[in-house]
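Peer 1: Enclosed is the structure file final.cif (mmCIF, C-alpha atoms).
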data_input
loop_
_atom_site.group_PDB
_atom_site.id
_atom_site.type_symbol
_atom_site.label_atom_id
_atom_site.label_comp_id
_atom_site.auth_asym_id
_atom_site.auth_seq_id
_atom_site.Cartn_x
_atom_site.Cartn_y
_atom_site.Cartn_z
ATOM 1 C CA MET A 1 174.827 30.318 -0.930
ATOM 2 C CA THR A 2 178.254 30.908 -2.470
ATOM 3 C CA ARG A 3 181.444 29.155 -1.500
ATOM 4 C CA GLN A 4 182.695 32.338 0.172
ATOM 5 C CA ASP A 5 179.540 32.542 2.307
ATOM 6 C CA ARG A 6 179.925 28.903 3.360
ATOM 7 C CA SER A 7 183.484 29.485 4.408
ATOM 8 C CA SER A 8 182.357 32.234 6.742
ATOM 9 C CA LEU A 9 180.015 29.884 8.661
ATOM 10 C CA PRO A 10 181.299 28.576 12.025
ATOM 11 C CA THR A 11 182.692 25.084 11.827
ATOM 12 C CA ARG A 12 182.500 22.328 14.446
ATOM 13 C CA PRO A 13 185.729 22.199 16.428
ATOM 14 C CA ASP A 14 187.886 19.114 16.067
ATOM 15 C CA PRO A 15 187.846 17.200 19.388
ATOM 16 C CA GLY A 16 191.378 16.046 18.758
ATOM 17 C CA LYS A 17 192.639 19.611 18.397
ATOM 18 C CA LEU A 18 190.835 20.712 21.542
ATOM 19 C CA LEU A 19 192.565 17.924 23.463
ATOM 20 C CA GLY A 20 195.924 18.558 21.851
ATOM 21 C CA THR A 21 195.861 15.206 20.043
ATOM 22 C CA THR A 22 195.145 13.980 16.562
ATOM 23 C CA VAL A 23 193.064 10.848 16.051
ATOM 24 C CA GLU A 24 194.508 8.766 13.260
ATOM 25 C CA PRO A 25 192.165 6.570 11.253
ATOM 26 C CA SER A 26 192.495 3.003 12.512
ATOM 27 C CA HIS A 27 192.358 -0.234 10.641
ATOM 28 C CA ALA A 28 189.671 -2.812 11.247
ATOM 29 C CA ARG A 29 189.540 -3.748 14.893
ATOM 30 C CA THR A 30 190.554 -7.319 15.530
ATOM 31 C CA VAL A 31 190.083 -9.307 18.693
ATOM 32 C CA ARG A 32 192.259 -11.908 20.337
ATOM 33 C CA PRO A 33 191.656 -14.281 23.244
ATOM 34 C CA LEU A 34 192.581 -13.063 26.707
ATOM 35 C CA VAL A 35 194.415 -16.374 27.199
ATOM 36 C CA PRO A 36 196.930 -16.766 24.316
ATOM 37 C CA ALA A 37 197.636 -20.099 22.680
ATOM 38 C CA LEU A 38 201.255 -20.189 23.834
ATOM 39 C CA LEU A 39 200.222 -19.784 27.471
ATOM 40 C CA CYS A 40 197.768 -22.680 27.128
ATOM 41 C CA LEU A 41 200.448 -24.880 25.578
ATOM 42 C CA LEU A 42 202.847 -24.038 28.382
ATOM 43 C CA GLY A 43 200.110 -24.873 30.878
ATOM 44 C CA PHE A 44 199.516 -28.182 29.102
ATOM 45 C CA LEU A 45 203.194 -29.101 29.370
ATOM 46 C CA ALA A 46 203.388 -27.939 32.988
ATOM 47 C CA VAL A 47 200.404 -30.073 34.016
ATOM 48 C CA TYR A 48 201.899 -33.112 32.310
ATOM 49 C CA LEU A 49 205.370 -32.672 33.773
ATOM 50 C CA ILE A 50 204.160 -31.983 37.326
ATOM 51 C CA ALA A 51 201.244 -34.414 37.600
ATOM 52 C CA VAL A 52 202.556 -37.291 35.484
ATOM 53 C CA CYS A 53 206.342 -37.059 35.534
ATOM 54 C CA THR A 54 207.022 -36.411 39.225
ATOM 55 C CA PRO A 55 206.618 -38.749 42.219
ATOM 56 C CA PHE A 56 204.721 -36.022 44.079
ATOM 57 C CA GLY A 57 202.193 -35.591 41.283
ATOM 58 C CA GLN A 58 201.676 -39.306 40.838
ATOM 59 C CA ARG A 59 201.164 -39.913 44.553
ATOM 60 C CA ALA A 60 198.700 -37.038 44.791
ATOM 61 C CA GLU A 61 196.530 -38.291 41.952
ATOM 62 C CA ASN A 62 196.846 -41.978 42.790
ATOM 63 C CA SER A 63 195.594 -41.231 46.287
ATOM 64 C CA LEU A 64 192.303 -40.096 44.757
ATOM 65 C CA ILE A 65 191.603 -43.562 43.361
ATOM 66 C CA PHE A 66 190.991 -46.032 46.142
ATOM 67 C CA GLU A 67 192.211 -49.575 45.741
ATOM 68 C CA ASN A 68 189.400 -52.024 44.891
ATOM 69 C CA ALA A 69 186.998 -49.060 44.565
ATOM 70 C CA SER A 70 184.469 -49.075 41.726
ATOM 71 C CA ALA A 71 182.537 -46.481 39.792
ATOM 72 C CA LYS A 72 179.223 -47.385 41.411
ATOM 73 C CA PRO A 73 179.392 -44.863 44.296
ATOM 74 C CA ALA A 74 179.636 -42.027 41.744
ATOM 75 C CA TRP A 75 176.423 -40.080 41.257
ATOM 76 C CA ALA A 76 177.183 -39.985 37.530
ATOM 77 C CA TYR A 77 177.351 -43.776 37.330
ATOM 78 C CA ALA A 78 173.757 -44.184 36.096
ATOM 79 C CA TRP A 79 174.240 -41.945 33.027
ATOM 80 C CA SER A 80 177.944 -42.427 32.359
ATOM 81 C CA GLY A 81 177.562 -45.537 30.213
ATOM 82 C CA VAL A 82 179.585 -47.558 32.704
ATOM 83 C CA ALA A 83 176.489 -49.139 34.209
ATOM 84 C CA TYR A 84 175.167 -52.168 32.328
ATOM 85 C CA GLY A 85 172.349 -51.229 29.952
ATOM 86 C CA SER A 86 172.543 -47.511 30.762
ATOM 87 C CA SER A 87 172.339 -44.715 28.194
ATOM 88 C CA ALA A 88 175.484 -42.618 28.266
ATOM 89 C CA MET A 89 175.434 -38.845 28.208
ATOM 90 C CA PRO A 90 177.289 -37.535 25.148
ATOM 91 C CA PRO A 91 180.216 -37.876 24.692
ATOM 92 C CA LEU A 92 180.719 -40.680 27.220
ATOM 93 C CA ASP A 93 181.149 -44.340 26.357
ATOM 94 C CA ARG A 94 179.857 -45.280 22.870
ATOM 95 C CA THR A 95 178.368 -41.853 22.172
ATOM 96 C CA ALA A 96 181.815 -40.285 21.665
ATOM 97 C CA MET A 97 182.158 -40.615 17.884
ATOM 98 C CA PRO A 98 178.474 -39.883 17.118
ATOM 99 C CA THR A 99 178.824 -36.729 19.210
ATOM 100 C CA VAL A 100 181.829 -35.600 17.168
ATOM 101 C CA PHE A 101 179.981 -36.281 13.906
ATOM 102 C CA VAL A 102 176.806 -34.461 14.952
ATOM 103 C CA GLY A 103 178.817 -31.543 16.323
ATOM 104 C CA LEU A 104 180.731 -31.094 13.075
ATOM 105 C CA VAL A 105 177.488 -31.242 11.093
ATOM 106 C CA VAL A 106 175.955 -28.534 13.287
ATOM 107 C CA ILE A 107 179.036 -26.323 12.905
ATOM 108 C CA ALA A 108 178.932 -26.811 9.120
ATOM 109 C CA ALA A 109 175.201 -25.995 8.992
ATOM 110 C CA VAL A 110 175.641 -22.790 10.984
ATOM 111 C CA THR A 111 178.555 -21.823 8.755
ATOM 112 C CA VAL A 112 176.435 -22.229 5.634
ATOM 113 C CA VAL A 113 173.452 -20.350 7.082
ATOM 114 C CA ARG A 114 175.554 -17.449 8.358
ATOM 115 C CA ARG A 115 178.006 -17.621 5.431
ATOM 116 C CA CYS A 116 180.869 -17.144 7.863
ATOM 117 C CA TRP A 117 183.340 -19.219 5.913
ATOM 118 C CA TRP A 118 186.459 -18.160 7.781
ATOM 119 C CA HIS A 119 184.780 -18.817 11.125
ATOM 120 C CA GLY A 120 183.529 -22.213 9.978
ATOM 121 C CA LEU A 121 186.931 -23.250 8.691
ATOM 122 C CA ALA A 122 188.561 -22.156 11.939
ATOM 123 C CA ALA A 123 185.908 -23.939 14.033
ATOM 124 C CA ALA A 124 186.396 -27.203 12.154
ATOM 125 C CA GLY A 125 190.134 -26.759 12.557
ATOM 126 C CA ILE A 126 189.721 -26.403 16.331
ATOM 127 C CA VAL A 127 187.795 -29.679 16.555
ATOM 128 C CA VAL A 128 190.130 -31.598 14.263
ATOM 129 C CA ALA A 129 193.275 -30.181 15.862
ATOM 130 C CA THR A 130 192.049 -30.866 19.399
ATOM 131 C CA LEU A 131 191.085 -34.463 18.702
ATOM 132 C CA GLY A 132 194.075 -35.013 16.437
ATOM 133 C CA SER A 133 196.408 -33.702 19.114
ATOM 134 C CA LYS A 134 194.767 -36.042 21.581
ATOM 135 C CA VAL A 135 195.575 -38.975 19.284
ATOM 136 C CA LEU A 136 199.180 -37.820 18.942
ATOM 137 C CA THR A 137 199.595 -37.300 22.691
ATOM 138 C CA ARG A 138 198.368 -40.807 23.510
ATOM 139 C CA GLY A 139 201.995 -41.749 23.256
ATOM 140 C CA LEU A 140 202.893 -39.558 26.239
ATOM 141 C CA PRO A 141 204.359 -42.021 28.731
ATOM 142 C CA ARG A 142 203.302 -42.401 32.341
ATOM 143 C CA PRO A 143 206.444 -43.670 34.056
ATOM 144 C CA ASP A 144 206.055 -45.713 37.207
ATOM 145 C CA LEU A 145 207.819 -43.506 39.756
ATOM 146 C CA VAL A 146 206.050 -44.631 42.926
ATOM 147 C CA GLY A 147 205.538 -48.359 42.458
ATOM 148 C CA ALA A 148 201.822 -48.025 41.737
ATOM 149 C CA ARG A 149 199.591 -50.995 41.010
ATOM 150 C CA ASP A 150 199.067 -52.034 37.394
ATOM 151 C CA SER A 151 195.609 -50.470 37.106
ATOM 152 C CA LEU A 152 197.132 -47.009 37.708
ATOM 153 C CA LEU A 153 199.884 -47.259 35.110
ATOM 154 C CA GLU A 154 197.750 -46.835 32.010
ATOM 155 C CA ALA A 155 198.509 -43.645 30.064
ATOM 156 C CA SER A 156 195.408 -41.453 30.126
ATOM 157 C CA PHE A 157 196.752 -37.916 29.648
ATOM 158 C CA PRO A 158 194.980 -35.945 28.214
ATOM 159 C CA SER A 159 191.326 -37.007 28.455
ATOM 160 C CA GLY A 160 189.708 -37.760 25.105
ATOM 161 C CA HIS A 161 186.221 -37.617 26.655
ATOM 162 C CA THR A 162 186.913 -34.064 27.833
ATOM 163 C CA ALA A 163 188.573 -33.023 24.572
ATOM 164 C CA ILE A 164 185.354 -33.678 22.630
ATOM 165 C CA PRO A 165 183.055 -31.180 24.423
ATOM 166 C CA ALA A 166 185.913 -28.694 24.760
ATOM 167 C CA GLY A 167 186.717 -28.715 21.029
ATOM 168 C CA LEU A 168 183.102 -28.796 19.831
ATOM 169 C CA ALA A 169 181.952 -26.095 22.241
ATOM 170 C CA LEU A 170 184.816 -23.776 21.300
ATOM 171 C CA GLY A 171 184.060 -24.364 17.624
ATOM 172 C CA ALA A 172 180.381 -23.573 18.225
ATOM 173 C CA VAL A 173 181.332 -20.351 20.006
ATOM 174 C CA LEU A 174 183.386 -19.275 17.011
ATOM 175 C CA VAL A 175 180.621 -19.753 14.413
ATOM 176 C CA SER A 176 177.725 -18.430 16.518
ATOM 177 C CA CYS A 177 176.387 -14.942 15.916
ATOM 178 C CA PRO A 178 177.372 -12.184 18.371
ATOM 179 C CA ARG A 179 173.901 -12.095 19.937
ATOM 180 C CA SER A 180 173.813 -15.815 20.757
ATOM 181 C CA ARG A 181 177.529 -16.261 21.438
ATOM 182 C CA PRO A 182 177.332 -15.561 25.207
ATOM 183 C CA TYR A 183 174.637 -18.210 25.636
ATOM 184 C CA VAL A 184 176.516 -20.735 23.511
ATOM 185 C CA THR A 185 179.546 -20.071 25.696
ATOM 186 C CA ALA A 186 177.526 -20.681 28.872
ATOM 187 C CA ALA A 187 176.081 -23.929 27.505
ATOM 188 C CA GLY A 188 179.533 -25.109 26.405
ATOM 189 C CA MET A 189 180.946 -24.361 29.846
ATOM 190 C CA LEU A 190 178.262 -26.442 31.526
ATOM 191 C CA TRP A 191 178.687 -29.367 29.114
ATOM 192 C CA LEU A 192 182.458 -29.362 29.529
ATOM 193 C CA THR A 193 182.251 -29.119 33.321
ATOM 194 C CA VAL A 194 179.755 -31.964 33.727
ATOM 195 C CA THR A 195 181.766 -34.222 31.407
ATOM 196 C CA ALA A 196 185.072 -33.458 33.126
ATOM 197 C CA ALA A 197 183.599 -34.135 36.559
ATOM 198 C CA ALA A 198 181.818 -37.338 35.505
ATOM 199 C CA VAL A 199 184.885 -39.021 33.987
ATOM 200 C CA GLN A 200 186.789 -38.345 37.198
ATOM 201 C CA ALA A 201 184.064 -39.546 39.536
ATOM 202 C CA THR A 202 183.768 -42.811 37.588
ATOM 203 C CA TYR A 203 187.563 -43.311 37.746
ATOM 204 C CA GLN A 204 188.045 -43.060 33.990
ATOM 205 C CA HIS A 205 190.407 -40.073 34.256
ATOM 206 C CA ARG A 206 192.438 -38.063 36.726
ATOM 207 C CA PRO A 207 192.217 -34.296 37.354
ATOM 208 C CA SER A 208 195.357 -33.683 35.280
ATOM 209 C CA ASP A 209 193.765 -35.506 32.337
ATOM 210 C CA VAL A 210 190.752 -33.202 32.124
ATOM 211 C CA LEU A 211 192.824 -30.064 32.697
ATOM 212 C CA GLY A 212 195.278 -31.135 29.991
ATOM 213 C CA ALA A 213 192.490 -31.750 27.470
ATOM 214 C CA THR A 214 190.909 -28.363 28.210
ATOM 215 C CA LEU A 215 194.217 -26.542 27.876
ATOM 216 C CA LEU A 216 194.855 -28.337 24.597
ATOM 217 C CA ALA A 217 191.483 -27.246 23.189
ATOM 218 C CA CYS A 218 191.999 -23.672 24.408
ATOM 219 C CA ALA A 219 195.404 -23.595 22.711
ATOM 220 C CA CYS A 220 193.814 -24.694 19.416
ATOM 221 C CA TYR A 221 191.135 -22.009 19.794
ATOM 222 C CA GLY A 222 193.717 -19.324 20.466
ATOM 223 C CA LEU A 223 195.796 -20.373 17.470
ATOM 224 C CA ALA A 224 192.751 -20.487 15.185
ATOM 225 C CA THR A 225 191.584 -17.006 16.140
ATOM 226 C CA ARG A 226 195.123 -15.731 15.804
ATOM 227 C CA LEU A 227 195.339 -17.000 12.230
ATOM 228 C CA LEU A 228 191.978 -15.547 11.218
ATOM 229 C CA PRO A 229 192.279 -12.497 8.939
ATOM 230 C CA PRO A 230 191.063 -9.182 10.421
ATOM 231 C CA ALA A 231 187.843 -9.396 8.405
ATOM 232 C CA GLY A 232 187.131 -12.874 9.737
ATOM 233 C CA ALA A 233 188.078 -12.347 13.372
ATOM 234 C CA PRO A 234 185.118 -12.553 15.759
ATOM 235 C CA GLY A 235 183.796 -9.217 16.970
ATOM 236 C CA VAL A 236 183.815 -8.050 20.546
ATOM 237 C CA THR A 237 180.818 -9.594 22.286
ATOM 238 C CA ARG A 238 178.782 -7.747 24.878
ATOM 239 C CA HIS A 239 177.676 -10.161 27.581
ATOM 240 C CA PRO A 240 174.544 -9.534 29.617
ATOM 241 C CA ARG A 241 175.641 -8.395 33.048
ATOM 242 C CA ALA A 242 174.268 -11.367 34.969
ATOM 243 C CA LEU A 243 175.338 -14.026 32.460
ATOM 244 C CA PRO A 244 178.960 -14.589 33.566
ATOM 245 C CA ALA A 245 177.937 -15.068 37.192
ATOM 246 C CA ALA A 246 175.016 -17.305 36.216
ATOM 247 C CA ALA A 247 177.161 -19.405 33.871
ATOM 248 C CA LEU A 248 179.858 -19.899 36.488
ATOM 249 C CA ALA A 249 177.262 -20.731 39.154
ATOM 250 C CA LEU A 250 175.627 -23.341 36.903
ATOM 251 C CA SER A 251 179.021 -24.803 36.064
ATOM 252 C CA ALA A 252 179.907 -25.033 39.747
ATOM 253 C CA ALA A 253 176.620 -26.780 40.504
ATOM 254 C CA GLY A 254 177.123 -29.179 37.580
ATOM 255 C CA ALA A 255 180.654 -29.940 38.750
ATOM 256 C CA LEU A 256 179.458 -30.726 42.285
ATOM 257 C CA VAL A 257 176.709 -33.063 41.086
ATOM 258 C CA ALA A 258 178.674 -34.860 38.359
ATOM 259 C CA GLY A 259 181.816 -35.177 40.475
ATOM 260 C CA ALA A 260 180.111 -36.390 43.650
ATOM 261 C CA ARG A 261 180.754 -39.809 45.165
ATOM 262 C CA ASP A 262 179.071 -41.476 48.126
ATOM 263 C CA ASP A 263 182.289 -42.890 49.584
ATOM 264 C CA SER A 264 184.473 -39.780 49.818
ATOM 265 C CA VAL A 265 183.796 -36.088 50.309
ATOM 266 C CA THR A 266 187.430 -35.243 49.583
ATOM 267 C CA GLN A 267 187.368 -36.973 46.227
ATOM 268 C CA SER A 268 184.104 -35.284 45.320
ATOM 269 C CA LEU A 269 185.447 -31.822 46.090
ATOM 270 C CA VAL A 270 188.720 -32.390 44.218
ATOM 271 C CA PHE A 271 186.910 -33.732 41.145
ATOM 272 C CA ALA A 272 184.427 -30.848 41.220
ATOM 273 C CA ALA A 273 187.186 -28.257 41.666
ATOM 274 C CA SER A 274 189.243 -29.501 38.713
ATOM 275 C CA ALA A 275 186.125 -29.668 36.509
ATOM 276 C CA PHE A 276 185.140 -26.140 37.519
ATOM 277 C CA LEU A 277 188.652 -24.958 36.682
ATOM 278 C CA CYS A 278 188.083 -26.322 33.178
ATOM 279 C CA SER A 279 185.004 -24.112 32.827
ATOM 280 C CA VAL A 280 186.952 -21.082 34.046
ATOM 281 C CA LEU A 281 189.656 -21.740 31.442
ATOM 282 C CA PHE A 282 186.946 -22.073 28.811
ATOM 283 C CA TRP A 283 185.381 -18.770 29.818
ATOM 284 C CA PHE A 284 188.603 -16.773 29.818
ATOM 285 C CA THR A 285 189.643 -18.310 26.499
ATOM 286 C CA THR A 286 186.439 -17.230 24.779
ATOM 287 C CA ALA A 287 186.499 -13.785 26.402
ATOM 288 C CA GLN A 288 188.122 -11.479 23.887
ATOM 289 C CA ARG A 289 189.780 -8.114 23.829
ATOM 290 C CA PRO A 290 190.457 -5.663 20.974
ATOM 291 C CA GLU A 291 193.990 -5.956 19.690
ATOM 292 C CA ARG A 292 194.136 -2.720 17.752
ATOM 293 C CA ILE A 293 192.572 0.520 18.897
ATOM 294 C CA PRO A 294 192.702 4.015 17.352
ATOM 295 C CA ARG A 295 196.072 5.586 18.034
ATOM 296 C CA ARG A 296 196.430 9.149 19.198
ATOM 297 C CA ALA A 297 199.424 11.163 18.105
ATOM 298 C CA GLU A 298 200.545 14.256 19.964
ATOM 299 C CA GLY A 299 199.557 17.417 18.137
#
Please express what this file holds, its structure, as structure tokens.

Peer 2:
Amino acid sequence: MTRQDRSSLPTRPDPGKLLGTTVEPSHARTVRPLVPALLCLLGFLAVYLIAVCTPFGQRAENSLIFENASAKPAWAYAWSGVAYGSSAMPPLDRTAMPTVFVGLVVIAAVTVVRRCWWHGLAAAGIVVATLGSKVLTRGLPRPDLVGARDSLLEASFPSGHTAIPAGLALGAVLVSCPRSRPYVTAAGMLWLTVTAAAVQATYQHRPSDVLGATLLACACYGLATRLLPPAGAPGVTRHPRALPAAALALSAAGALVAGARDDSVTQSLVFAASAFLCSVLFWFTTAQRPERIPRRAEG
């Protein structure tokens, strides 16, 4: 068939011309967190200023810790490491540093196996930045604005125990493959929620402490994904339909169990609610949206 004969054959119409638009070739699609890093940092500062630096915030949180109350009525007491001779759930008590070490080794191993060097570097940066920021923020003062007893004046914002699962879980989400990423996210949510609820129920931290640590980790995750080059940015993940509801339901159940105390229903519900809010922040931080889409120009 000659070139002239080929030119006489009918050609497929251009969808863009039929619609009166022209589809321009797009660059590689990149994805960014639904919750940006700046918003998380602003939330971190807001929680600190309201809960720690105002008389209202201090009274509200101090009222959750009864005078002469102990950690024994907490359901999490047996596996929190507070009880004598008990084995603590990672990363509580003495398991904190081993948990960080093992988590970094796992992230490094997955990075090598998948050869996702940018993802691995960003994941390690999330963990280091989250824990490093926690060390730097230990100097955040807790002024005595309400004449509280000495045991309530110790600076505890943000929670280091909560920062460990938040940073490690977010790093694991970043290096996991798209197929397993939704399940890694669900497992990280549950781990973070149970830890955040347990440290509150055992009177090691306040609700603002766990929320501050989660916001700090989410800010590091948002910054890391923002700095990733387009080729290294994580792809859009398709979640199974039932997974978000199941993950949130499991997190809510874990928060209720780990945050429960025998001596106060109010305390139990407040601790569970703040821990569940941490899991919600985690979920929306790891949920991603395309930043660049094909542009259409008027024809």

Peer 1: What does the distance from atom CA of Ala260 of chain A to atom CA of Ala197 of chain A come to in Å, to one decimal?

Peer 2: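 Answer for the atom CA of Ala260 of chain A to atom CA of Ala197 of chain A separation: 8.2 Å.
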
Peer 1: Can you translate the PyMOL selection byres ((chain A and resi 99) around 12) into the concrete residues it hits in this file, as an MDAnalysis selection string?

Peer 2: chainID A and resid 88:98 100:106 127 161 163:165 167:169

Peer 1: Generate a file of the selected residues that holds C-alpha atoms, formatted as a PDB file, keeping the file's coordinate frame.

Peer 2:
ATOM      1  CA  ALA A  88     175.484 -42.618  28.266  1.00  0.00           C
ATOM      2  CA  MET A  89     175.434 -38.845  28.208  1.00  0.00           C
ATOM      3  CA  PRO A  90     177.289 -37.535  25.148  1.00  0.00           C
ATOM      4  CA  PRO A  91     180.216 -37.876  24.692  1.00  0.00           C
ATOM      5  CA  LEU A  92     180.719 -40.680  27.220  1.00  0.00           C
ATOM      6  CA  ASP A  93     181.149 -44.340  26.357  1.00  0.00           C
ATOM      7  CA  ARG A  94     179.857 -45.280  22.870  1.00  0.00           C
ATOM      8  CA  THR A  95     178.368 -41.853  22.172  1.00  0.00           C
ATOM      9  CA  ALA A  96     181.815 -40.285  21.665  1.00  0.00           C
ATOM     10  CA  MET A  97     182.158 -40.615  17.884  1.00  0.00           C
ATOM     11  CA  PRO A  98     178.474 -39.883  17.118  1.00  0.00           C
ATOM     12  CA  VAL A 100     181.829 -35.600  17.168  1.00  0.00           C
ATOM     13  CA  PHE A 101     179.981 -36.281  13.906  1.00  0.00           C
ATOM     14  CA  VAL A 102     176.806 -34.461  14.952  1.00  0.00           C
ATOM     15  CA  GLY A 103     178.817 -31.543  16.323  1.00  0.00           C
ATOM     16  CA  LEU A 104     180.731 -31.094  13.075  1.00  0.00           C
ATOM     17  CA  VAL A 105     177.488 -31.242  11.093  1.00  0.00           C
ATOM     18  CA  VAL A 106     175.955 -28.534  13.287  1.00  0.00           C
ATOM     19  CA  VAL A 127     187.795 -29.679  16.555  1.00  0.00           C
ATOM     20  CA  HIS A 161     186.221 -37.617  26.655  1.00  0.00           C
ATOM     21  CA  ALA A 163     188.573 -33.023  24.572  1.00  0.00           C
ATOM     22  CA  ILE A 164     185.354 -33.678  22.630  1.00  0.00           C
ATOM     23  CA  PRO A 165     183.055 -31.180  24.423  1.00  0.00           C
ATOM     24  CA  GLY A 167     186.717 -28.715  21.029  1.00  0.00           C
ATOM     25  CA  LEU A 168     183.102 -28.796  19.831  1.00  0.00           C
ATOM     26  CA  ALA A 169     181.952 -26.095  22.241  1.00  0.00           C
TER      27      ALA A 169
END

Peer 1: Carefully work through the PyMOL selection byres ((chain A and resi 40-44) around 7) for this structure and note down the residues it includes, as a PyMOL selection string.

Peer 2: chain A and resi 36-39+45-48+212+215-216+218-219

Peer 1: Rounded to one decimal place, report the atom CA of Glu61 of chain A-atom CA of Arg206 of chain A distance in Å.

Peer 2: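 Rounded to one decimal, the two atoms are 6.6 Å apart.
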
Peer 1: Calculated over only C-alpha atoms, which of the candidates A:Ala108, A:Val52, A:Ala76, A:Leu190 has the smallest distance to Leu153 of chain A?

Peer 2: A:Val52

Peer 1: Determine the nearest neighbour of Val110 of chain A from the options A:Ala166, A:Ala196, A:Leu174, A:Val146, counting all atoms listed in the file.

Peer 2: A:Leu174

Peer 1: For a test of reading the model, state the distance in Å between atom CA of Leu145 of chain A and atom CA of Ala51 of chain A, rounded to one decimal.

Peer 2: 11.4 Å

Peer 1: Which protein, DNA or RNA residues have an atom at most 10 Å from (183.5, -20.9, 35.3), counting only C-alpha atoms? List them as a VMD selection string.

Peer 2: chain A and resid 186 189 to 190 193 244 to 252 275 to 284

Peer 1: Choose the residue, out of A:Ala129, A:Val173, A:Val270, A:Ala124, that has the smallest atom-to-atom separation from Ser63 of chain A; count all atoms listed in the file.

Peer 2: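 Smallest distance to Ser63 of chain A is found for A:Val270.
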
Peer 1: Which of these, A:Thr54, A:Lys134, A:Pro141, A:Thr286, has the shortest distance to Pro182 of chain A once you count only C-alpha atoms?

Peer 2: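 Residue with the minimum atom-to-atom distance to Pro182 of chain A: A:Thr286.
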
Peer 1: On this structure, which residues satisfy the PyMOL selection byres ((chain A and resi 157) around 8), written as a ChimeraX atom specification?

Peer 2: /A:48,137-138,140,155-156,158-159,208-209,212-213

Peer 1: Which residues are close to Tyr77 of chain A, i.e. within 9 Å by all atoms listed in the file, leaving aside same-chain residues fewer than 3 positions away? Reply as a PDB file with C-alpha atoms, keeping the file's coordinate frame.

Peer 2:
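Result saved to result.pdb:
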ATOM      1  CA  ALA A  71     182.537 -46.481  39.792  1.00  0.00           C
ATOM      2  CA  LYS A  72     179.223 -47.385  41.411  1.00  0.00           C
ATOM      3  CA  PRO A  73     179.392 -44.863  44.296  1.00  0.00           C
ATOM      4  CA  ALA A  74     179.636 -42.027  41.744  1.00  0.00           C
ATOM      5  CA  SER A  80     177.944 -42.427  32.359  1.00  0.00           C
ATOM      6  CA  GLY A  81     177.562 -45.537  30.213  1.00  0.00           C
ATOM      7  CA  VAL A  82     179.585 -47.558  32.704  1.00  0.00           C
ATOM      8  CA  ALA A  83     176.489 -49.139  34.209  1.00  0.00           C
ATOM      9  CA  SER A  86     172.543 -47.511  30.762  1.00  0.00           C
ATOM     10  CA  ALA A 198     181.818 -37.338  35.505  1.00  0.00           C
ATOM     11  CA  ALA A 201     184.064 -39.546  39.536  1.00  0.00           C
ATOM     12  CA  THR A 202     183.768 -42.811  37.588  1.00  0.00           C
TER      13      THR A 202
END

Peer 1: Rank A:His205, A:Arg114, A:His119, A:Arg226 by their smallest atom-to-atom distance to Gly259 of chain A, using all atoms listed in the file, and report the top residue only.

Peer 2: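 Using all atoms listed in the file, the shortest distance to Gly259 of chain A belongs to A:His205.
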
Peer 1: Which residue, A:Val128, A:Leu192, A:Leu269, A:Leu228, has the smallest gap to Leu211 of chain A when you use only C-alpha atoms?

Peer 2: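 Result for the nearest residue to Leu211 of chain A: A:Leu192.
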
Peer 1: Take the point (187.7, -40.8, 43.9) in the file's coordinates, draw a sphere of radius 8 Å around it, and report as a count of residues only every protein, DNA or RNA residue with an atom inside or on it, counting all atoms listed in the file.

Peer 2: 13

Peer 1: Since the input has fewer atoms than a full residue there, write segment 159-168 of chain A out with N, CA and C atoms, as a CSV table (one decimal), in the frame of the given file.

Peer 2:
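Saved as rebuild_2.csv:
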chain,number,residue,atom,x,y,z
A,159,SER,N,192.6,-36.3,28.5
A,159,SER,CA,191.3,-37.0,28.5
A,159,SER,C,190.6,-36.8,27.1
A,160,GLY,N,190.4,-37.9,26.4
A,160,GLY,CA,189.7,-37.8,25.1
A,160,GLY,C,188.2,-37.4,25.3
A,161,HIS,N,187.6,-37.9,26.4
A,161,HIS,CA,186.2,-37.6,26.7
A,161,HIS,C,186.0,-36.1,26.9
A,162,THR,N,187.0,-35.5,27.6
A,162,THR,CA,186.9,-34.1,27.8
A,162,THR,C,187.3,-33.2,26.6
A,163,ALA,N,188.2,-33.8,25.8
A,163,ALA,CA,188.6,-33.0,24.6
A,163,ALA,C,187.4,-32.8,23.6
A,164,ILE,N,186.5,-33.8,23.6
A,164,ILE,CA,185.4,-33.7,22.6
A,164,ILE,C,184.5,-32.5,22.9
A,165,PRO,N,183.9,-32.4,24.2
A,165,PRO,CA,183.1,-31.2,24.4
A,165,PRO,C,183.8,-29.9,24.4
A,166,ALA,N,185.1,-29.9,24.8
A,166,ALA,CA,185.9,-28.7,24.8
A,166,ALA,C,186.1,-28.2,23.3
A,167,GLY,N,186.5,-29.1,22.4
A,167,GLY,CA,186.7,-28.7,21.0
A,167,GLY,C,185.4,-28.3,20.3
A,168,LEU,N,184.4,-29.1,20.5
A,168,LEU,CA,183.1,-28.8,19.8
A,168,LEU,C,182.5,-27.5,20.4
